[in-house]
There are 2 protein chains.
Amino acid sequence: MPTIKDVAKMAGVSTATVSRAMMNPEKVSEKTRLKVEAAVAECGFSPNVIARNLRRSESKTIVVIVPDISNMFFANIVRGIQKVALANAYKVLLGDSIHTVEQAKAYMDLVRSKQADGIISLTAELPAEVRQGSELPLVMACEYFAGFPVPTVRIDNRGSASRAVDYLLDIGHRQIGCITGPMENPICVDRKAGYQDSLQKMNIAVDEQAFEDGDFSFHSGYSAFRRLQQHFNMTALFCFNDMMALGAMKAAIELGIKVPQQLSIVGFDDLLFAEYTDPGLTTVRQPQEEIGITAANTLVKVLQGGKANQDTIIPTQLLVRGSCVSPSK
Amino acid sequence: MPTIKDVAKMAGVSTATVSRAMMNPEKVSEKTRLKVEAAVAECGFSPNVIARNLRRSESKTIVVIVPDISNMFFANIVRGIQKVALANAYKVLLGDSIHTVEQAKAYMDLVRSKQADGIISLTAELPAEVRQGSELPLVMACEYFAGFPVPTVRIDNRGSASRAVDYLLDIGHRQIGCITGPMENPICVDRKAGYQDSLQKMNIAVDEQAFEDGDFSFHSGYSAFRRLQQHFNMTALFCFNDMMALGAMKAAIELGIKVPQQLSIVGFDDLLFAEYTDPGLTTVRQPQEEIGITAANTLVKVLQGGKANQDTIIPTQLLVRGSCVSPSK
DNA sequence: GTGAAAGCGCTAACAA
DNA sequence: TTGTTAGCGCTTTCAC
């Protein structure tokens, strides 16, 4: 593997000139530039980026901490991040924290050890130290901590949930069950508040029996619905994500409950599959790739020393598909 | 940010000793080790891994080239890779090639520039140079080139496809449609051969009208089925992956064709969703995480200078679910 | 067991 | 415009 020295020798110039010819071609005469380029081509030189990184003390790498890469929702966001990273000559180091704080911490340490320049976290399951405002270049996406002084890209969870429930109320539902996520998660608190807002606007009392907790997995949606349906009589169901909505749909069908005739269902996220179930799932669309793109742009700005927006809210959209109809009397 | 020098000064030893105390604690006296540890703790020293990498000329990073990270099939494999990487102190750099050779090449260059130690490619869409046997530490998973002298982890595509079609024949189907992938892809050629093997064993002529090409996407499955059903009369359908099977299922339902009563469907992969459709999708299970784990173990062995298996075949399994029944006469 | 010194491959002042 | 020089922060002989 040739080094910059070899190229310098071949081209009959100094290593500094080789470096310049490659990094700032305009700072070098046409003639020497060509000599250098020829030498580079001849010996197949490829600069050792580790050495460059050391010298410039930057790694041109960003870490993305994901709680679960096999979750399509996150994968789509990662894709958006990837696009922006690439366009700005950053690499993306994938950090699947598998929902553990220890893993997340390990990935954050990559910045401390200079292996990465910054972090985008798609999870709030981060070490406590971080929340006290450590000075790492960090951008949060989707999730957030209240009062966490870090640029965050997210949606209006409360308003979006409310819009979904408004829709169910509009078409006549009054008994609306709700499968939530883990309630220690701020975005779940927000979505629940949105559900309550809608009922209160219509002067409908909020029945605590209407709720069951899930953990965002298909399976938890399935079992939450089976529990819920035993103690709450409903004509419609609002789920905090699509996976749980699909699980609930499966459970309903198994119980002989017809969707949507006997039970309308609304999800949240708009995964690819939401369109393909039968009936298609009405859901709150989160523009996943756009969230990723925005988060990455924000981090890039931070890394360039710019002042980034503290909070960017990405608009959502209620997608009405076949899974909801007016309740039969 | 403190460096090793600062620690050395604080502990009253040389930088060499600090380095030893951290890397080879046994080569240092108990007493100095404690001094060093105290100093490290006090100033919050974290070694600059870039400098270490430069010195040792390794990066402890592997690149995974994925044609599409938002495809759950690949995401699951990445997860397996991630586990092994972590256990061996490697980081995983995510390379989403978005099905382009140029992107793939850019990611492969990370090895040349010493930013990564090795590559796992989940796509065969690689630059031509690579196929001539460049000397990069590379492991292929899932896909392969015939005669490509590189360790490969994959399944028996031909046998697995044949087993699926055998099953359809066993339960009485004789008119079996087939939605393939892009036929320039060797694994598609293999799966098609498996389909043909099965029919030939039963002395059933292979009708070219039975095939339609897809591109592994849901949408292509949907439209391929609409085309296929116009020129081929079938009681069963074999799809080269689950996504296309789901697309075909959707199209069938829209056309008023009852699944499985009027059309049995078999997929390939066993995505999470295959279990959750209604009816559940009968499919050839590829142990995705295991493929990732095996590929990563193979690469680690290569990187350690060991001789890796040239070809590892991971067994598949036919999962029978509700989407197949015997044809009604 | 420990320290001095060399150097991984590159970039960036500073001179010329 | 170009070369000289001095490191970036670490590991690793090689002496002691």
# chains A, B, ... in the order shown; residues from 1 in each chain; ligands from 1
$ residues_around --residues "Val84 in chain A" --least-positions-apart "5" --cutoff "7 Å" --atoms "only C-alpha atoms (C1' of nucleotides)" --output "PyMOL selection string"
chain A and resi 293+296-297
$ select_by_dssp --residues "range 148-286 of chain B" --states "helix (DSSP H, G or I)" --output "PDB file with C-alpha atoms, in the first residue's frame"
ATOM      1  CA  ASN B 157     -31.755 -21.645  -3.038  1.00  0.00           C
ATOM      2  CA  ARG B 158     -32.458 -24.388  -5.518  1.00  0.00           C
ATOM      3  CA  GLY B 159     -33.232 -27.038  -2.933  1.00  0.00           C
ATOM      4  CA  SER B 160     -35.293 -24.687  -0.806  1.00  0.00           C
ATOM      5  CA  ALA B 161     -37.423 -23.554  -3.718  1.00  0.00           C
ATOM      6  CA  SER B 162     -37.878 -27.137  -4.775  1.00  0.00           C
ATOM      7  CA  ARG B 163     -39.044 -28.123  -1.327  1.00  0.00           C
ATOM      8  CA  ALA B 164     -41.667 -25.386  -1.398  1.00  0.00           C
ATOM      9  CA  VAL B 165     -42.969 -26.461  -4.773  1.00  0.00           C
ATOM     10  CA  ASP B 166     -42.856 -30.118  -3.724  1.00  0.00           C
ATOM     11  CA  TYR B 167     -45.201 -29.215  -0.930  1.00  0.00           C
ATOM     12  CA  LEU B 168     -47.674 -27.606  -3.299  1.00  0.00           C
ATOM     13  CA  LEU B 169     -47.520 -30.656  -5.544  1.00  0.00           C
ATOM     14  CA  ASP B 170     -47.956 -32.943  -2.540  1.00  0.00           C
ATOM     15  CA  PRO B 186     -27.954 -15.928  -9.628  1.00  0.00           C
ATOM     16  CA  ILE B 187     -30.128 -16.765  -6.642  1.00  0.00           C
ATOM     17  CA  CYS B 188     -33.192 -16.232  -8.811  1.00  0.00           C
ATOM     18  CA  VAL B 189     -31.815 -18.563 -11.426  1.00  0.00           C
ATOM     19  CA  ASP B 190     -31.319 -21.128  -8.678  1.00  0.00           C
ATOM     20  CA  ARG B 191     -34.815 -20.760  -7.304  1.00  0.00           C
ATOM     21  CA  LYS B 192     -36.316 -21.076 -10.736  1.00  0.00           C
ATOM     22  CA  ALA B 193     -34.284 -24.225 -11.292  1.00  0.00           C
ATOM     23  CA  GLY B 194     -35.682 -25.562  -8.035  1.00  0.00           C
ATOM     24  CA  TYR B 195     -39.208 -24.924  -9.225  1.00  0.00           C
ATOM     25  CA  GLN B 196     -38.459 -26.746 -12.458  1.00  0.00           C
ATOM     26  CA  ASP B 197     -36.799 -29.647 -10.648  1.00  0.00           C
ATOM     27  CA  SER B 198     -39.973 -30.282  -8.717  1.00  0.00           C
ATOM     28  CA  LEU B 199     -42.244 -30.288 -11.716  1.00  0.00           C
ATOM     29  CA  GLN B 200     -39.911 -32.501 -13.672  1.00  0.00           C
ATOM     30  CA  LYS B 201     -39.747 -35.033 -10.872  1.00  0.00           C
ATOM     31  CA  GLU B 208     -43.150 -20.673 -19.615  1.00  0.00           C
ATOM     32  CA  GLN B 209     -46.499 -18.938 -19.209  1.00  0.00           C
ATOM     33  CA  ALA B 210     -46.314 -19.792 -15.502  1.00  0.00           C
ATOM     34  CA  PHE B 218     -44.379  -5.563  -2.721  1.00  0.00           C
ATOM     35  CA  HIS B 219     -45.502  -3.553  -5.669  1.00  0.00           C
ATOM     36  CA  SER B 220     -43.860  -5.763  -8.238  1.00  0.00           C
ATOM     37  CA  GLY B 221     -45.604  -8.766  -6.668  1.00  0.00           C
ATOM     38  CA  TYR B 222     -48.892  -6.988  -6.936  1.00  0.00           C
ATOM     39  CA  SER B 223     -48.553  -6.136 -10.597  1.00  0.00           C
ATOM     40  CA  ALA B 224     -46.849  -9.381 -11.554  1.00  0.00           C
ATOM     41  CA  PHE B 225     -49.830 -11.300 -10.234  1.00  0.00           C
ATOM     42  CA  ARG B 226     -52.260  -9.156 -12.168  1.00  0.00           C
ATOM     43  CA  ARG B 227     -50.324  -9.902 -15.350  1.00  0.00           C
ATOM     44  CA  LEU B 228     -49.799 -13.559 -14.581  1.00  0.00           C
ATOM     45  CA  GLN B 229     -53.416 -14.254 -13.835  1.00  0.00           C
ATOM     46  CA  GLN B 230     -54.395 -13.024 -17.297  1.00  0.00           C
ATOM     47  CA  HIS B 231     -52.411 -15.644 -19.160  1.00  0.00           C
ATOM     48  CA  ASP B 242     -42.518 -12.684   1.035  1.00  0.00           C
ATOM     49  CA  MET B 243     -42.917  -9.083  -0.015  1.00  0.00           C
ATOM     50  CA  MET B 244     -43.997 -10.120  -3.497  1.00  0.00           C
ATOM     51  CA  ALA B 245     -46.190 -12.839  -2.014  1.00  0.00           C
ATOM     52  CA  LEU B 246     -47.968 -10.230   0.057  1.00  0.00           C
ATOM     53  CA  GLY B 247     -48.378  -8.021  -3.007  1.00  0.00           C
ATOM     54  CA  ALA B 248     -49.801 -10.924  -4.951  1.00  0.00           C
ATOM     55  CA  MET B 249     -52.124 -11.771  -2.080  1.00  0.00           C
ATOM     56  CA  LYS B 250     -53.413  -8.219  -2.074  1.00  0.00           C
ATOM     57  CA  ALA B 251     -53.981  -8.315  -5.834  1.00  0.00           C
ATOM     58  CA  ALA B 252     -55.750 -11.664  -5.598  1.00  0.00           C
ATOM     59  CA  ILE B 253     -58.109 -10.427  -2.929  1.00  0.00           C
ATOM     60  CA  GLU B 254     -58.883  -7.344  -4.990  1.00  0.00           C
ATOM     61  CA  LEU B 272     -42.032 -10.978  10.631  1.00  0.00           C
ATOM     62  CA  PHE B 273     -45.170 -10.078   8.756  1.00  0.00           C
ATOM     63  CA  ALA B 274     -45.538 -13.430   7.085  1.00  0.00           C
ATOM     64  CA  GLU B 275     -46.954 -14.756  10.303  1.00  0.00           C
TER      65      GLU B 275
END
$ interface_residues --of "chain A" --to "chain C" --cutoff "12 Å" --atoms "only C-alpha atoms (C1' of nucleotides)" --output "MDAnalysis selection string"
chainID A and resid 1:6 15:20 22:24 46:57
$ residues_around --residues "Ser323 in chain A" --least-positions-apart "3" --cutoff "10 Å" --atoms "only C-alpha atoms (C1' of nucleotides)" --output "list of chain:residue names"
A:Ala236, A:Met249, A:Val259, A:Pro260, A:Gln261, A:Leu263, A:Ser264, A:Ile265, A:Val266, A:Gly267, A:Thr277, A:Asp278, A:Pro279, A:Gly280, A:Leu281, A:Thr282, A:Thr283, A:Val320
$ closest_residue --among "A:Ile62, A:Ile81, A:Ala11, A:Leu319" --to "Leu303 in chain A" --atoms "only C-alpha atoms"
A:Ile62
$ closest_atom_pairs --of "chain D" --to "chain A" --cutoff "10 Å" --atoms "only C-alpha atoms (C1' of nucleotides)" --output "Markdown table"
| residue | atom | partner | partner_atom | distance |
| --- | --- | --- | --- | --- |
| D:DT1 | C1' | A:Val28 | CA | 6.4 |
| D:DT2 | C1' | A:Thr17 | CA | 7.0 |
| D:DG3 | C1' | A:Ser14 | CA | 6.4 |
| D:DT4 | C1' | A:Ser14 | CA | 9.3 |
| D:DG7 | C1' | A:Arg55 | CA | 8.6 |
| D:DC8 | C1' | A:Arg55 | CA | 4.4 |
| D:DG9 | C1' | A:Leu54 | CA | 8.0 |
$ write_last_selection --atoms "N, CA and C atoms (P, O5', C5', C4', C3', O3' and C1' of nucleotides)" --output "CSV table (one decimal), in the first residue's frame"
chain,number,residue,atom,x,y,z
D,1,DT,P,0.2,30.1,-7.2
D,1,DT,O5',1.0,28.7,-7.3
D,1,DT,C5',1.8,28.5,-8.4
D,1,DT,C4',3.1,28.0,-7.9
D,1,DT,C3',3.1,26.6,-7.3
D,1,DT,O3',4.0,25.8,-8.0
D,1,DT,C1',4.2,28.1,-5.8
D,2,DT,P,4.1,24.3,-7.8
D,2,DT,O5',5.0,24.2,-6.5
D,2,DT,C5',6.5,24.1,-6.7
D,2,DT,C4',7.1,24.2,-5.3
D,2,DT,C3',7.0,22.9,-4.5
D,2,DT,O3',8.2,22.2,-4.7
D,2,DT,C1',6.8,24.9,-3.2
D,3,DG,P,8.4,20.8,-4.0
D,3,DG,O5',9.2,21.3,-2.6
D,3,DG,C5',10.4,22.0,-2.7
D,3,DG,C4',10.9,22.3,-1.3
D,3,DG,C3',11.1,21.1,-0.4
D,3,DG,O3',12.3,21.2,0.3
D,3,DG,C1',9.6,22.7,0.6
D,4,DT,P,12.8,20.1,1.2
D,4,DT,O5',12.8,20.8,2.6
D,4,DT,C5',12.9,22.2,2.8
D,4,DT,C4',12.8,22.6,4.2
D,4,DT,C3',13.1,21.4,5.2
D,4,DT,O3',13.7,22.0,6.3
D,4,DT,C1',10.8,22.2,5.5
D,7,DG,P,6.4,20.6,17.6
D,7,DG,O5',6.6,19.0,17.4
D,7,DG,C5',5.6,18.1,17.9
D,7,DG,C4',4.3,18.5,17.3
D,7,DG,C3',3.2,17.4,17.6
D,7,DG,O3',2.0,18.1,18.0
D,7,DG,C1',3.5,17.5,15.2
D,8,DC,P,1.2,17.6,19.3
D,8,DC,O5',-0.1,16.9,18.6
D,8,DC,C5',-1.1,17.7,17.9
D,8,DC,C4',-2.0,16.7,17.3
D,8,DC,C3',-2.3,15.5,18.1
D,8,DC,O3',-3.5,15.6,18.8
D,8,DC,C1',-1.8,14.9,15.8
D,9,DG,P,-3.5,15.6,20.4
D,9,DG,O5',-3.4,14.1,20.7
D,9,DG,C5',-4.4,13.2,20.3
D,9,DG,C4',-3.9,11.8,20.4
D,9,DG,C3',-3.4,11.4,21.8
D,9,DG,O3',-4.2,10.3,22.2
D,9,DG,C1',-1.9,10.8,20.2
